[in-house]
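See below for the structure under consideration.
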Protein chains: 2
Amino acid sequence: MPRIQSRPVRQRNAAATRAAILQSARKAFAKSGYAGAGVREIAGGAGVTAMLVNRYFGSKERLFAEAVAESMARTSVLGPEITQQGASGAAIAAALVGITQAHDTPLEGFQIMLRSASSARAARIARKLIEEHHQQRIATALGGKLAAQRAGVMLALIAGFQLMRQMLELPALAQADPRTLVRVLGPVFDRLLSRPA
Amino acid sequence: MPRIQSRPVRQRNAAATRAAILQSARKAFAKSGYAGAGVREIAGGAGVTAMLVNRYFGSKERLFAEAVAESMARTSVLGPEITQQGASGAAIAAALVGITQAHDTPLEGFQIMLRSASSARAARIARKLIEEHHQQRIATALGGKLAAQRAGVMLALIAGFQLMRQMLELPALAQADPRTLVRVLGPVFDRLLSRPA
DNA sequence: GCTATAAGTCTACGGGTGTAGACCTGAGCG
DNA sequence: CGCTCAGGTCTACACCCGTAGACTTATAGC
């Protein structure tokens with residue numbers, strides 16, 4: 001009896017399969033958070049069985065850690081805009097507003113974190129990675145007094161803005177003219193860029 | 001055979017039991033989010049069976065809506081500080097920093113929202129209540145141009161700050177001297193209080 | 001004191017979860 | 001061609017979830 005299943009999506013290739021699982025995991029975690037995304041769902045997205053996920057990554061928790069790490073490593077935005085010398089609040093605001101458009105899939109790492117903050121284990125992983133990936137780099141770029149705290153507030157504003165605009169879809173932010181938002185956000189970021197009085 | 005159970009926590013009283021369930025629900029949702037808090041756990045916290053929860057509130061979703069509404073109604077802070085005439089950024093910042101201390105249980109409504117944003121149904125409920133409870137009131141108090149957007153950004157900053165400081169415990173915010181944080185946050189809020197250029 | 005009725009519990013269902021071990025299978029090499 | 005072993009799957013377990021209907025128990029009025 002011939003195989004009923006149509007030819008498998010991909011030839012047997014451990015590396016490619018692993019990558020496919022990781023990509024599916026990033027997508028699923030960004031959409032549903034740590035607790036909300038199921039291993040079977042992630043596996044299905046990669047055309048694979050749930051067991052293989054655990055076989056490759058050991059456990060859901062370890063898979064999560066790896067997925068978040070990769071998502072953050074890919075977050076190119078809010079890198080250059082913030083860390084370059086002489087960055088302007090308007091430039092940061094414009095980048096942030098652009099990247100939090102309604103149905104875009106941006107700031108994946110942040111999104112995963114926002115949707116997973118309720119799980120204690122996920123929160124611990126996310127804190128570690130945010131600190132290493134973003135906080136320290138931004139603080140260094142900011143320089144001056146209280147750089148660490150200013151960087152922290154900056155990250156808080158970015159995360160909160162994405163939460164309210166993209167996840168909660170608060171009308172005042174989700175439906176506003178992007179230029180208007182930049183006009184409001186720009187000066188706020190400027191305050192954080194300049195050293196405090 | 002005498003009753004093994006020690007005397008029930010509370011005499012039969014529908015109103016009191018309902019209130020106890022609601023309080024337990026607020027606490028549980030704030031701790032674990034919509035998806036993370038189980039009906040049995042909520043019921044147990046009120047000294048009651050899971051079925052009674054559904055009997056009184058119809059479903060978990062309706063219980064959630066009522067719990068969030070009550071939590072927001074009790075959020076007194078960020079009421080006076082923001083809505084009074086001549087509010088200062090420093091006053092708002094001080095209130096926010098004070099209320100997001102490490103193991104305090106503050107801004108319960110916001111916390112529930114942050115931990116529940118991953119669930120689509122919970123997000124819809126939270127958006128509606130935030131808009132009605134906070135956004136509109138703050139926007140009115142702010143006045144001037146782009147009041148709605150400025151209020152939205154303000155809420156984003158508050159939510160993000162609580163997320164990073166209290167839930168993720170980012171060291172730069174969680175372990176900083178409160179006065180330092182006020183010094184960083186105050187001018188930022190001032191920017192949002194004054195109408196844009 | 002007895003009864004009607006509200007207050008609360010018990011048992012159960014169907015489904016979904018992460019994980020584990022045994023099993024199958026197809027590609028590459030001798 | 002035939003064998004080997006890495007790449008994948010199947011079945012299953014123990015647990016938790018939200019919800020439903022039937023049942024029990026305590027309280028209030030006569």
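Letters for chains follow the order of the structure tokens (A, B, ...), residue numbers begin at 1 for each chain, and ligand numbers begin at 1 in the order shown.
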Restrict the distance test to only C-alpha atoms (C1' of nucleotides), flag each residue of chain B within 9 Å of chain D, and return the flagged residues as a list in words.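 Residues satisfying the distance criterion: Arg12, Gly38, Val39, Met51, Asn54, Ser59 and Lys60 of chain B.
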Listing only residues of chain C within 9 Å of chain A, what is the closest atom pair and its distance in Å (to one decimal) for each, using only C-alpha atoms (C1' of nucleotides), sorted by chain and residue number ascending, as a tab-separated table?
residue	atom	partner	partner_atom	distance
C:DT17	C1'	A:Gly38	CA	7.6
C:DG18	C1'	A:Val39	CA	7.7
C:DT19	C1'	A:Asn54	CA	8.1
C:DG26	C1'	A:Arg12	CA	8.4
C:DA27	C1'	A:Arg12	CA	8.1
For the selection just defined, write its residues with C-alpha atoms (C1' of nucleotides) to a file, as a short mmCIF file (atom, residue, chain, number, x, y, z; two decimals), in the first residue's frame.
data_model
loop_
_atom_site.label_atom_id
_atom_site.label_comp_id
_atom_site.auth_asym_id
_atom_site.auth_seq_id
_atom_site.Cartn_x
_atom_site.Cartn_y
_atom_site.Cartn_z
"C1'" DT C 17 -1.52 19.93 28.32
"C1'" DG C 18 3.73 18.51 28.60
"C1'" DT C 19 6.33 14.56 28.59
"C1'" DG C 26 14.10 6.35 4.71
"C1'" DA C 27 18.65 7.96 3.08
#
How would you write, as a compact mmCIF listing (two decimals) with N, CA and C atoms, in the first residue's frame, the set of residues in range 27-96 of chain B that DSSP gives as helix (DSSP H, G or I)?
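Generated output (out_21.txt):
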# COMPACT_ATOMS: atom_id res chain seq x y z
N LYS B 27 -7.52 38.86 43.03
CA LYS B 27 -6.18 38.49 43.48
C LYS B 27 -5.55 37.46 42.53
N ALA B 28 -6.33 36.46 42.18
CA ALA B 28 -5.78 35.39 41.34
C ALA B 28 -5.47 35.90 39.93
N PHE B 29 -6.35 36.71 39.38
CA PHE B 29 -6.10 37.22 38.03
C PHE B 29 -4.88 38.15 38.03
N ALA B 30 -4.73 38.91 39.10
CA ALA B 30 -3.56 39.80 39.17
C ALA B 30 -2.27 38.99 39.26
N LYS B 31 -2.37 37.84 39.87
CA LYS B 31 -1.17 37.04 40.07
C LYS B 31 -0.84 36.20 38.83
N SER B 32 -1.87 35.68 38.17
CA SER B 32 -1.60 34.70 37.12
C SER B 32 -2.23 35.02 35.77
N GLY B 33 -2.99 36.09 35.69
CA GLY B 33 -3.61 36.41 34.41
C GLY B 33 -4.86 35.61 34.15
N TYR B 34 -5.53 35.95 33.07
CA TYR B 34 -6.81 35.33 32.75
C TYR B 34 -6.66 33.83 32.52
N ALA B 35 -5.73 33.47 31.68
CA ALA B 35 -5.58 32.06 31.34
C ALA B 35 -4.95 31.28 32.49
N GLY B 36 -4.07 31.94 33.23
CA GLY B 36 -3.33 31.23 34.25
C GLY B 36 -4.11 30.93 35.52
N VAL B 39 -10.50 28.36 37.69
CA VAL B 39 -11.75 28.58 38.43
C VAL B 39 -11.69 27.88 39.78
N ARG B 40 -11.11 26.69 39.82
CA ARG B 40 -11.02 25.98 41.09
C ARG B 40 -10.15 26.73 42.09
N GLU B 41 -9.07 27.32 41.59
CA GLU B 41 -8.17 28.08 42.46
C GLU B 41 -8.89 29.30 43.03
N ILE B 42 -9.61 29.99 42.17
CA ILE B 42 -10.36 31.16 42.61
C ILE B 42 -11.40 30.75 43.65
N ALA B 43 -12.10 29.68 43.35
CA ALA B 43 -13.13 29.21 44.28
C ALA B 43 -12.52 28.84 45.62
N GLY B 44 -11.41 28.13 45.57
CA GLY B 44 -10.75 27.73 46.81
C GLY B 44 -10.37 28.93 47.66
N GLY B 45 -9.88 29.98 47.01
CA GLY B 45 -9.51 31.18 47.73
C GLY B 45 -10.68 31.84 48.45
N ALA B 50 -15.87 25.18 42.83
CA ALA B 50 -15.77 25.81 41.51
C ALA B 50 -17.14 26.06 40.90
N MET B 51 -18.03 25.13 41.13
CA MET B 51 -19.35 25.26 40.51
C MET B 51 -20.07 26.53 40.94
N LEU B 52 -19.87 26.89 42.18
CA LEU B 52 -20.58 28.07 42.68
C LEU B 52 -20.14 29.33 41.94
N VAL B 53 -18.89 29.34 41.55
CA VAL B 53 -18.39 30.49 40.79
C VAL B 53 -19.19 30.65 39.52
N ASN B 54 -19.32 29.55 38.80
CA ASN B 54 -20.09 29.62 37.55
C ASN B 54 -21.56 29.88 37.81
N ARG B 55 -22.04 29.41 38.94
CA ARG B 55 -23.44 29.63 39.27
C ARG B 55 -23.71 31.11 39.48
N TYR B 56 -22.75 31.80 40.07
CA TYR B 56 -22.96 33.22 40.38
C TYR B 56 -22.59 34.13 39.22
N PHE B 57 -21.59 33.72 38.45
CA PHE B 57 -21.09 34.65 37.43
C PHE B 57 -21.31 34.14 36.01
N LYS B 60 -16.35 31.93 33.34
CA LYS B 60 -15.09 32.54 33.75
C LYS B 60 -14.92 33.91 33.09
N GLU B 61 -15.35 34.00 31.85
CA GLU B 61 -15.18 35.25 31.12
C GLU B 61 -15.96 36.39 31.78
N ARG B 62 -17.18 36.09 32.18
CA ARG B 62 -17.98 37.14 32.81
C ARG B 62 -17.43 37.49 34.18
N LEU B 63 -16.93 36.48 34.88
CA LEU B 63 -16.28 36.76 36.16
C LEU B 63 -15.09 37.68 35.97
N PHE B 64 -14.32 37.41 34.93
CA PHE B 64 -13.15 38.25 34.64
C PHE B 64 -13.56 39.69 34.41
N ALA B 65 -14.56 39.88 33.59
CA ALA B 65 -15.01 41.24 33.28
C ALA B 65 -15.39 41.98 34.55
N GLU B 66 -16.12 41.29 35.42
CA GLU B 66 -16.56 41.96 36.65
C GLU B 66 -15.37 42.24 37.57
N ALA B 67 -14.44 41.29 37.63
CA ALA B 67 -13.27 41.47 38.50
C ALA B 67 -12.42 42.65 38.03
N VAL B 68 -12.21 42.74 36.73
CA VAL B 68 -11.40 43.84 36.21
C VAL B 68 -12.11 45.17 36.47
N ALA B 69 -13.40 45.19 36.24
CA ALA B 69 -14.14 46.44 36.45
C ALA B 69 -13.99 46.90 37.90
N GLU B 70 -14.10 45.97 38.83
CA GLU B 70 -14.00 46.39 40.23
C GLU B 70 -12.57 46.82 40.56
N SER B 71 -11.59 46.11 40.02
CA SER B 71 -10.21 46.50 40.27
C SER B 71 -9.94 47.91 39.78
N MET B 72 -10.46 48.23 38.63
CA MET B 72 -10.21 49.56 38.08
C MET B 72 -10.94 50.62 38.88
N ALA B 73 -12.13 50.28 39.31
CA ALA B 73 -12.88 51.25 40.10
C ALA B 73 -12.17 51.56 41.41
N ARG B 74 -11.40 50.60 41.92
CA ARG B 74 -10.69 50.82 43.18
C ARG B 74 -9.36 51.52 42.99
N PRO B 80 -6.31 61.28 41.40
CA PRO B 80 -6.04 62.64 41.86
C PRO B 80 -4.74 63.21 41.29
N GLU B 81 -3.67 62.42 41.34
CA GLU B 81 -2.37 62.97 40.93
C GLU B 81 -2.41 63.52 39.51
N ILE B 82 -3.17 62.84 38.66
CA ILE B 82 -3.18 63.26 37.26
C ILE B 82 -4.28 64.25 36.97
N THR B 83 -5.44 63.99 37.54
CA THR B 83 -6.59 64.77 37.10
C THR B 83 -6.73 66.12 37.78
N GLY B 89 4.65 66.69 37.01
CA GLY B 89 5.24 65.41 36.63
C GLY B 89 5.87 64.72 37.81
N ALA B 90 6.50 65.50 38.70
CA ALA B 90 7.15 64.89 39.86
C ALA B 90 6.14 64.19 40.75
N ALA B 91 4.97 64.80 40.92
CA ALA B 91 3.95 64.19 41.78
C ALA B 91 3.47 62.87 41.19
N ILE B 92 3.23 62.86 39.90
CA ILE B 92 2.80 61.63 39.25
C ILE B 92 3.89 60.57 39.36
N ALA B 93 5.11 60.99 39.08
CA ALA B 93 6.23 60.04 39.14
C ALA B 93 6.36 59.47 40.55
N ALA B 94 6.25 60.31 41.55
CA ALA B 94 6.39 59.83 42.93
C ALA B 94 5.30 58.82 43.25
N ALA B 95 4.08 59.13 42.83
CA ALA B 95 2.98 58.20 43.09
C ALA B 95 3.23 56.87 42.40
N LEU B 96 3.68 56.93 41.16
CA LEU B 96 3.90 55.70 40.39
C LEU B 96 5.03 54.87 40.99
At most 6 Å to chain B: residues in chain A, only C-alpha atoms, as number ranges by chain: A: 32, 115, 118, 123, 127, 148-149, 156-157, 159-161, 164, 168, 172, 188
Just write the chosen residues, N, CA and C atoms, as a tab-separated table (two decimals), in the first residue's frame.
chain	number	residue	atom	x	y	z
A	32	SER	N	0.79	33.88	21.17
A	32	SER	CA	0.00	33.37	22.29
A	32	SER	C	0.72	33.34	23.63
A	115	ARG	N	3.58	38.94	26.20
A	115	ARG	CA	2.54	37.90	26.28
A	115	ARG	C	2.91	36.79	27.25
A	118	SER	N	3.28	36.71	32.43
A	118	SER	CA	2.52	36.13	33.53
A	118	SER	C	3.16	34.86	34.06
A	123	ALA	N	9.23	34.87	32.66
A	123	ALA	CA	9.66	36.21	33.04
A	123	ALA	C	11.14	36.23	33.38
A	127	ARG	N	13.75	38.52	31.41
A	127	ARG	CA	14.51	39.57	32.09
A	127	ARG	C	15.98	39.45	31.76
A	148	ALA	N	21.56	53.99	33.34
A	148	ALA	CA	20.85	52.71	33.48
A	148	ALA	C	19.36	52.94	33.71
A	149	GLN	N	19.05	53.90	34.57
A	149	GLN	CA	17.64	54.15	34.86
A	149	GLN	C	16.94	54.76	33.64
A	156	ALA	N	10.71	50.67	29.20
A	156	ALA	CA	9.34	50.62	29.72
A	156	ALA	C	8.38	51.33	28.78
A	157	LEU	N	8.80	52.48	28.30
A	157	LEU	CA	7.93	53.23	27.39
A	157	LEU	C	7.71	52.47	26.09
A	159	ALA	N	7.94	49.20	25.59
A	159	ALA	CA	7.10	48.03	25.84
A	159	ALA	C	5.66	48.43	26.06
A	160	GLY	N	5.46	49.46	26.87
A	160	GLY	CA	4.09	49.90	27.15
A	160	GLY	C	3.39	50.41	25.91
A	161	PHE	N	4.13	51.11	25.08
A	161	PHE	CA	3.54	51.63	23.85
A	161	PHE	C	3.11	50.49	22.94
A	164	MET	N	-0.05	48.85	24.48
A	164	MET	CA	-1.29	49.60	24.36
A	164	MET	C	-1.73	49.77	22.91
A	168	LEU	N	-3.40	45.75	22.96
A	168	LEU	CA	-4.70	46.15	23.49
A	168	LEU	C	-5.49	46.96	22.46
A	172	ALA	N	-6.93	55.47	20.94
A	172	ALA	CA	-6.17	56.72	20.87
A	172	ALA	C	-4.78	56.49	20.30
A	188	VAL	N	9.22	63.27	24.30
A	188	VAL	CA	9.38	62.40	25.48
A	188	VAL	C	10.71	61.66	25.41
